[in-house]
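Q: model-v8.cif is reproduced below (mmCIF, C-alpha atoms).
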```cif
data_entry
#
loop_
_atom_site.label_atom_id
_atom_site.label_comp_id
_atom_site.auth_asym_id
_atom_site.auth_seq_id
_atom_site.Cartn_x
_atom_site.Cartn_y
_atom_site.Cartn_z
CA MET N 560 -1.40 -24.13 5.73
CA VAL N 561 -1.99 -20.97 3.69
CA LYS N 562 -3.28 -21.78 0.20
CA THR N 563 -4.42 -19.44 -2.51
CA GLY N 564 -3.75 -18.96 -6.21
CA MET N 565 -0.67 -16.83 -5.58
CA GLU N 566 2.27 -18.76 -4.16
CA ILE N 567 4.40 -17.47 -1.29
CA ALA N 568 7.46 -17.35 -3.56
CA GLU N 569 5.51 -15.02 -5.87
CA ILE N 570 4.61 -12.77 -2.93
CA ILE N 571 8.28 -12.59 -1.90
CA GLU N 572 9.31 -11.72 -5.45
CA PHE N 573 6.52 -9.17 -5.83
CA LEU N 574 7.26 -7.42 -2.53
CA LYS N 575 11.04 -7.76 -2.96
CA THR N 576 11.33 -8.92 0.65
CA ASP N 577 10.96 -12.14 2.62
CA THR N 578 10.03 -10.42 5.89
CA LEU N 579 7.10 -8.23 6.87
CA SER N 580 7.07 -6.14 10.05
CA ALA N 581 3.64 -5.46 11.49
CA THR N 582 1.93 -4.05 14.55
CA PHE N 583 -1.61 -5.06 15.47
CA THR N 584 -3.92 -3.56 18.10
CA SER N 585 -7.35 -4.69 19.22
CA GLU N 586 -8.71 -2.44 16.41
CA GLY N 587 -6.69 -4.09 13.63
CA LEU N 588 -3.48 -3.62 11.65
CA LYS N 589 -1.82 -0.42 12.83
CA PHE N 590 1.50 -0.60 10.99
CA LEU N 591 3.03 -2.62 8.15
CA SER N 592 6.53 -2.32 6.74
CA LEU N 593 8.45 -4.28 4.15
CA LYS N 594 11.58 -3.67 6.22
CA THR N 595 12.73 -5.88 9.06
CA GLY N 596 12.42 -4.78 12.67
CA ARG N 597 9.94 -1.94 12.37
CA GLY N 598 6.83 -3.55 13.89
CA THR N 599 6.15 -5.66 16.96
CA LEU N 600 5.58 -8.78 14.82
CA GLN N 601 8.14 -10.07 12.33
CA ILE N 602 6.73 -12.40 9.67
CA ASN N 603 9.25 -14.52 7.81
CA LEU N 604 7.55 -15.36 4.54
CA LEU N 605 10.02 -18.16 3.84
CA ARG N 606 8.57 -20.04 6.84
CA ALA N 607 4.98 -18.89 6.35
CA ASN N 608 3.46 -22.35 6.06
CA ASN N 609 4.90 -23.70 9.30
CA GLN N 610 2.24 -25.15 11.58
CA GLY N 611 3.25 -23.06 14.61
CA GLU N 612 2.93 -19.70 12.87
CA ASP N 613 1.45 -16.77 14.75
CA PRO N 614 -2.28 -16.42 13.91
CA LEU N 615 -1.86 -12.69 13.15
CA GLY N 616 1.01 -13.47 10.79
CA LYS N 617 -1.12 -16.10 9.07
CA LEU N 618 -4.00 -13.63 8.77
CA LEU N 619 -1.69 -10.96 7.34
CA LEU N 620 -0.33 -13.36 4.73
CA GLU N 621 -3.79 -14.64 3.76
CA GLU N 622 -5.12 -11.09 3.38
CA THR N 623 -2.01 -10.07 1.40
CA MET N 624 -2.65 -12.90 -1.04
CA ASN N 625 -6.35 -12.05 -1.18
CA LEU N 626 -5.55 -8.39 -1.88
CA PHE N 627 -3.09 -9.18 -4.66
CA GLU N 628 -5.56 -11.56 -6.31
CA THR N 629 -8.79 -9.58 -5.93
CA GLY N 630 -7.83 -5.99 -5.10
CA LYS N 631 -9.75 -6.27 -1.81
CA HIS N 632 -9.09 -7.44 1.73
CA ASP N 633 -11.02 -8.03 4.95
CA LEU N 634 -8.26 -6.97 7.35
CA PRO N 635 -9.44 -4.34 9.86
CA LEU N 636 -7.14 -1.31 9.96
CA ASP N 637 -6.40 0.77 13.06
CA LEU N 638 -6.04 4.35 11.84
CA THR N 639 -7.08 5.96 15.14
CA ASP N 640 -3.80 7.87 15.58
CA PHE N 641 -4.64 10.14 12.66
CA THR N 642 -6.57 13.39 12.51
CA PRO N 643 -10.22 13.32 11.44
CA PHE N 644 -9.25 14.78 8.06
CA GLN N 645 -6.55 12.13 7.52
CA GLN N 646 -9.02 9.42 8.50
CA ARG N 647 -11.51 10.78 5.95
CA VAL N 648 -8.79 10.70 3.29
CA PHE N 649 -7.94 7.10 4.19
CA GLU N 650 -11.63 6.15 4.09
CA ALA N 651 -12.03 7.73 0.63
CA VAL N 652 -8.89 5.95 -0.59
CA SER N 653 -10.11 2.62 0.75
CA ARG N 654 -13.23 2.89 -1.46
CA ILE N 655 -11.27 3.20 -4.73
CA GLU N 656 -11.92 0.04 -6.72
CA ARG N 657 -9.14 -2.10 -8.19
CA GLY N 658 -8.14 -0.82 -11.61
CA ARG N 659 -9.37 2.72 -10.95
CA ILE N 660 -7.18 5.77 -10.46
CA ILE N 661 -7.99 9.16 -8.99
CA THR N 662 -5.90 12.27 -8.39
CA TYR N 663 -5.14 13.97 -5.08
CA LYS N 664 -7.37 16.78 -6.35
CA GLY N 665 -10.15 14.26 -7.00
CA ILE N 666 -10.00 12.98 -3.42
CA ALA N 667 -10.02 16.56 -2.11
CA GLU N 668 -13.13 17.32 -4.14
CA ILE N 669 -14.87 14.14 -2.90
CA LEU N 670 -14.16 15.34 0.64
CA GLY N 671 -15.60 18.78 -0.13
CA LYS N 672 -12.19 20.43 0.12
CA PRO N 673 -11.46 21.87 -3.34
CA GLY N 674 -7.93 23.19 -3.28
CA GLY N 675 -6.99 20.58 -0.67
CA ALA N 676 -4.92 18.33 -2.96
CA GLN N 677 -1.70 19.06 -1.09
CA ALA N 678 -3.31 18.16 2.27
CA VAL N 679 -4.61 14.93 0.71
CA GLY N 680 -1.10 14.16 -0.56
CA SER N 681 0.34 14.79 2.90
CA ALA N 682 -2.18 12.40 4.46
CA ILE N 683 -1.49 9.74 1.84
CA ALA N 684 2.26 10.05 2.44
CA ARG N 685 1.61 8.97 6.05
CA ASN N 686 -0.06 5.68 5.07
CA PRO N 687 1.03 3.35 7.89
CA VAL N 688 -0.27 0.08 6.46
CA SER N 689 1.43 -0.09 3.06
CA TYR N 690 -0.55 -1.91 0.38
CA PHE N 691 -3.60 -2.52 2.61
CA LEU N 692 -4.59 1.10 2.04
CA PRO N 693 -4.53 1.45 -1.76
CA THR N 694 -2.80 4.81 -1.94
CA HIS N 695 -1.08 3.59 -5.11
CA ARG N 696 -4.41 4.34 -6.83
CA VAL N 697 -4.11 8.06 -6.03
CA LEU N 698 -1.78 9.98 -8.31
CA PRO N 699 -0.73 13.57 -8.82
CA GLN N 700 -2.29 15.28 -11.84
CA ARG N 701 1.11 15.39 -13.55
CA GLY N 702 1.46 11.59 -13.40
CA ILE N 703 3.56 9.28 -11.25
CA GLY N 704 6.83 10.74 -12.40
CA ILE N 705 10.10 9.03 -12.98
CA CYS N 706 11.45 8.37 -9.50
CA ARG N 707 12.79 5.36 -7.71
CA SER N 708 12.76 6.38 -4.06
CA GLY N 709 10.52 5.31 -1.21
CA ALA N 710 7.58 3.11 -2.15
CA GLY N 711 7.66 4.04 -5.85
CA HIS N 712 8.67 0.56 -6.95
CA LEU N 713 5.86 -1.11 -5.03
CA ARG N 714 3.34 1.43 -6.30
CA GLU N 715 4.40 0.70 -9.87
CA ARG N 716 4.16 -3.08 -9.38
CA LEU N 717 0.70 -2.72 -7.80
CA LEU N 718 -0.51 -0.54 -10.66
CA VAL N 719 0.75 -3.05 -13.24
CA LEU N 720 -0.83 -5.91 -11.26
CA GLU N 721 -4.13 -4.03 -11.52
CA GLY N 722 -3.81 -3.74 -15.30
CA HIS N 723 -2.37 -0.26 -15.79
CA ASP N 724 0.17 0.73 -18.42
CA LEU N 725 2.91 2.65 -16.62
CA ALA N 726 3.94 4.47 -19.78
CA GLN N 727 0.49 6.09 -19.86
CA LEU N 728 0.70 7.05 -16.19
CA MET N 729 4.21 8.51 -16.27
CA GLY N 730 4.50 12.24 -15.96
CA ASN N 731 6.91 14.36 -17.91
CA TYR N 732 9.22 15.25 -15.04
CA ILE N 733 12.23 13.55 -13.53
CA CYS N 734 12.83 13.50 -9.80
CA THR N 735 15.78 15.55 -8.54
CA ARG N 736 15.81 14.22 -4.96
CA LYS N 737 19.20 13.03 -3.73
CA ASP N 738 17.76 9.67 -2.62
CA CYS N 739 16.10 8.96 -5.97
CA HIS N 740 17.21 5.69 -7.56
CA ARG N 741 16.35 6.27 -11.18
CA GLU N 742 16.98 3.37 -13.51
#
```
Re-express the file's structure as structure tokens.
A:
Amino acid sequence: MVKTGMEIAEIIEFLKTDTLSATFTSEGLKFLSLKTGRGTLQINLLRANNQGEDPLGKLLLEETMNLFETGKHDLPLDLTDFTPFQQRVFEAVSRIERGRIITYKGIAEILGKPGGAQAVGSAIARNPVSYFLPTHRVLPQRGIGICRSGAGHLRERLLVLEGHDLAQLMGNYICTRKDCHRE
């Protein structure tokens, strides 16, 4: 049985889903989605404590709880499908401590690529493992903006969980994308 300080019902509420889709390789977690049917393994969080649960599903749930409680995880990630530059971006992102924020420009400078903020942003946008790679801690210089498309809701919840005030992180622009779901 999975036991930690955060209950499964809280994880479901936080993620706004009761199913995780994941793909594992011998190297580690290769893909994670909060949408049903996208990975090779479907994890029903409502039945997460059943005795016959898949060991990879159990591991994923335990590491999710660990990450939400501590800001860290021990789950190996398989990022081998990405270019060396993208892998370097992901490595730099993985070293950002809980509660800290850096800009795309800051990551580019760490990598010795001043002027490479857009390339960093493109790499981050391809994050295949959702919250296990803390890309929510990397923001544009203008702030997180006022947008409700894609993973924006999860990013905001993760930032709040880590102690940030969203009002201070909001930029002064409003998204004009057709798929934006502004409140």
Q: Could you state which residues are captured by the PyMOL selection byres ((chain N and resi 686-700) around 7) in this file, as a ChimeraX atom specification?
A: /N:589-592,652-653,659-663,683-685,701-703,714,718
Q: Starting from the displayed file, determine the output of the PyMOL selection byres ((chain N and resi 658) around 10) and express the residue list as a list in words.
A: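 Applying the PyMOL selection byres ((chain N and resi 658) around 10) to the structure shown produces Gly630, Ile655, Glu656, Arg657, Arg659, Ile660, Arg696, Leu717, Leu718, Val719, Leu720, Glu721, Gly722 and His723 of chain N.
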Q: When the PyMOL selection byres ((chain N and resi 600) around 10) is applied to the structure above, which residues does it catch, written out as a list of chain:residue names?
A: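 Listing what the PyMOL selection byres ((chain N and resi 600) around 10) selects in the shown file: N:Leu579, N:Ser580, N:Ala581, N:Thr582, N:Phe583, N:Phe590, N:Leu591, N:Thr595, N:Gly596, N:Arg597, N:Gly598, N:Thr599, N:Gln601, N:Ile602, N:Asn603, N:Asp613, N:Leu615, N:Gly616.
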Q: Let's have the selection written as a CSV table (one decimal), in the frame of the given file, with C-alpha atoms.
A:
```csv
chain,number,residue,atom,x,y,z
N,579,LEU,CA,7.1,-8.2,6.9
N,580,SER,CA,7.1,-6.1,10.0
N,581,ALA,CA,3.6,-5.5,11.5
N,582,THR,CA,1.9,-4.0,14.6
N,583,PHE,CA,-1.6,-5.1,15.5
N,590,PHE,CA,1.5,-0.6,11.0
N,591,LEU,CA,3.0,-2.6,8.2
N,595,THR,CA,12.7,-5.9,9.1
N,596,GLY,CA,12.4,-4.8,12.7
N,597,ARG,CA,9.9,-1.9,12.4
N,598,GLY,CA,6.8,-3.6,13.9
N,599,THR,CA,6.2,-5.7,17.0
N,601,GLN,CA,8.1,-10.1,12.3
N,602,ILE,CA,6.7,-12.4,9.7
N,603,ASN,CA,9.2,-14.5,7.8
N,613,ASP,CA,1.4,-16.8,14.8
N,615,LEU,CA,-1.9,-12.7,13.2
N,616,GLY,CA,1.0,-13.5,10.8
```
Q: Work out how far CA of Thr584 (chain N) is from CA of Asp637 (chain N), in Å to one decimal.
A: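 Those two atoms sit 7.1 Å apart.
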Q: With distances taken over all atoms listed in the file, which of N:Leu618, N:Ala682, N:Leu588, N:Ala676 is nearest to Gln646 (chain N)?
A: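 Nearest to Gln646 (chain N): N:Ala682.
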Q: Hey, which of N:Lys664, N:Met565, N:Arg647, N:Leu636 ends up closest to Leu620 (chain N)? Count all atoms listed in the file.
A: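 Closest to Leu620 (chain N), using all atoms listed in the file: N:Met565.
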Q: Ranking N:Met624, N:Ala568, N:Leu638, N:Gly587 by minimum distance to Leu604 (chain N) and counting only C-alpha atoms, which one comes first?
A: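 Result for the nearest residue to Leu604 (chain N): N:Ala568.
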Q: Could you tell me which of N:Arg654, N:Pro614, N:Met729, N:Leu574 comes closest to Lys631 (chain N) if we count only C-alpha atoms?
A: N:Arg654
Q: What's the separation between CA of Ser585 (chain N) and CA of Leu634 (chain N), in Å to one decimal place?
A: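 If I compute the distance from CA of Ser585 (chain N) to CA of Leu634 (chain N), I get 12.1 Å.
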Q: What gap, in Å, lies between CA of Asn625 (chain N) and CA of Glu650 (chain N)?
A: 19.7 Å
Q: Hey, which of N:Leu670, N:Leu593, N:Gln727, N:Glu621 ends up closest to Glu566 (chain N)? Count only C-alpha atoms.
A: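 For Glu566 (chain N), the nearest of the candidates is N:Glu621.
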Q: Is it possible to get the axis-aligned box enclosing region 717-721 of chain N (all listed atoms, 4 Å extra per side) as AutoDock Vina command-line options, with centre and edge lengths in Å rounded to one decimal?
A:
```
--center_x -1.7 --center_y -3.2 --center_z -10.5 --size_x 12.9 --size_y 13.4 --size_z 13.4
```
Q: Which of these residues is nearest to Gly675 (chain N), using all atoms listed in the file: N:Asp633, N:Phe627, N:Phe644, N:Phe649?
A: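 Looking only at the distances to Gly675 (chain N), the closest residue turns out to be N:Phe644.
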Q: Could you add N, CA and C atoms to region 563-577 of chain N and give me the result as a PDB file, in the frame of the given file?
A:
```pdb
ATOM      1  N   THR N 563      -3.636 -20.248  -1.593  1.00  0.00           N
ATOM      2  CA  THR N 563      -4.420 -19.440  -2.510  1.00  0.00           C
ATOM      3  C   THR N 563      -3.782 -19.592  -3.880  1.00  0.00           C
ATOM      4  N   GLY N 564      -4.296 -18.875  -4.871  1.00  0.00           N
ATOM      5  CA  GLY N 564      -3.750 -18.960  -6.210  1.00  0.00           C
ATOM      6  C   GLY N 564      -2.342 -18.411  -6.323  1.00  0.00           C
ATOM      7  N   MET N 565      -1.997 -17.413  -5.528  1.00  0.00           N
ATOM      8  CA  MET N 565      -0.670 -16.830  -5.580  1.00  0.00           C
ATOM      9  C   MET N 565       0.227 -17.544  -4.576  1.00  0.00           C
ATOM     10  N   GLU N 566       1.358 -18.031  -5.021  1.00  0.00           N
ATOM     11  CA  GLU N 566       2.270 -18.760  -4.160  1.00  0.00           C
ATOM     12  C   GLU N 566       3.106 -17.795  -3.310  1.00  0.00           C
ATOM     13  N   ILE N 567       3.597 -18.289  -2.194  1.00  0.00           N
ATOM     14  CA  ILE N 567       4.400 -17.470  -1.290  1.00  0.00           C
ATOM     15  C   ILE N 567       5.654 -16.957  -1.999  1.00  0.00           C
ATOM     16  N   ALA N 568       6.273 -17.791  -2.814  1.00  0.00           N
ATOM     17  CA  ALA N 568       7.460 -17.350  -3.560  1.00  0.00           C
ATOM     18  C   ALA N 568       7.129 -16.164  -4.460  1.00  0.00           C
ATOM     19  N   GLU N 569       5.932 -16.147  -5.025  1.00  0.00           N
ATOM     20  CA  GLU N 569       5.510 -15.020  -5.870  1.00  0.00           C
ATOM     21  C   GLU N 569       5.307 -13.755  -5.033  1.00  0.00           C
ATOM     22  N   ILE N 570       4.776 -13.914  -3.823  1.00  0.00           N
ATOM     23  CA  ILE N 570       4.610 -12.770  -2.930  1.00  0.00           C
ATOM     24  C   ILE N 570       5.972 -12.186  -2.577  1.00  0.00           C
ATOM     25  N   ILE N 571       6.921 -13.049  -2.245  1.00  0.00           N
ATOM     26  CA  ILE N 571       8.280 -12.590  -1.900  1.00  0.00           C
ATOM     27  C   ILE N 571       8.884 -11.835  -3.080  1.00  0.00           C
ATOM     28  N   GLU N 572       8.754 -12.376  -4.263  1.00  0.00           N
ATOM     29  CA  GLU N 572       9.310 -11.720  -5.450  1.00  0.00           C
ATOM     30  C   GLU N 572       8.601 -10.393  -5.715  1.00  0.00           C
ATOM     31  N   PHE N 573       7.283 -10.375  -5.574  1.00  0.00           N
ATOM     32  CA  PHE N 573       6.520  -9.170  -5.830  1.00  0.00           C
ATOM     33  C   PHE N 573       6.876  -8.060  -4.845  1.00  0.00           C
ATOM     34  N   LEU N 574       6.955  -8.408  -3.565  1.00  0.00           N
ATOM     35  CA  LEU N 574       7.260  -7.420  -2.530  1.00  0.00           C
ATOM     36  C   LEU N 574       8.744  -7.086  -2.436  1.00  0.00           C
ATOM     37  N   LYS N 575       9.589  -7.935  -3.020  1.00  0.00           N
ATOM     38  CA  LYS N 575      11.040  -7.760  -2.960  1.00  0.00           C
ATOM     39  C   LYS N 575      11.548  -7.833  -1.522  1.00  0.00           C
ATOM     40  N   THR N 576      10.905  -8.693  -0.730  1.00  0.00           N
ATOM     41  CA  THR N 576      11.330  -8.920   0.650  1.00  0.00           C
ATOM     42  C   THR N 576      10.793 -10.272   1.095  1.00  0.00           C
ATOM     43  N   ASP N 577      11.472 -10.891   2.056  1.00  0.00           N
ATOM     44  CA  ASP N 577      10.960 -12.140   2.620  1.00  0.00           C
ATOM     45  C   ASP N 577      10.493 -11.951   4.063  1.00  0.00           C
TER      46      ASP N 577
END
```
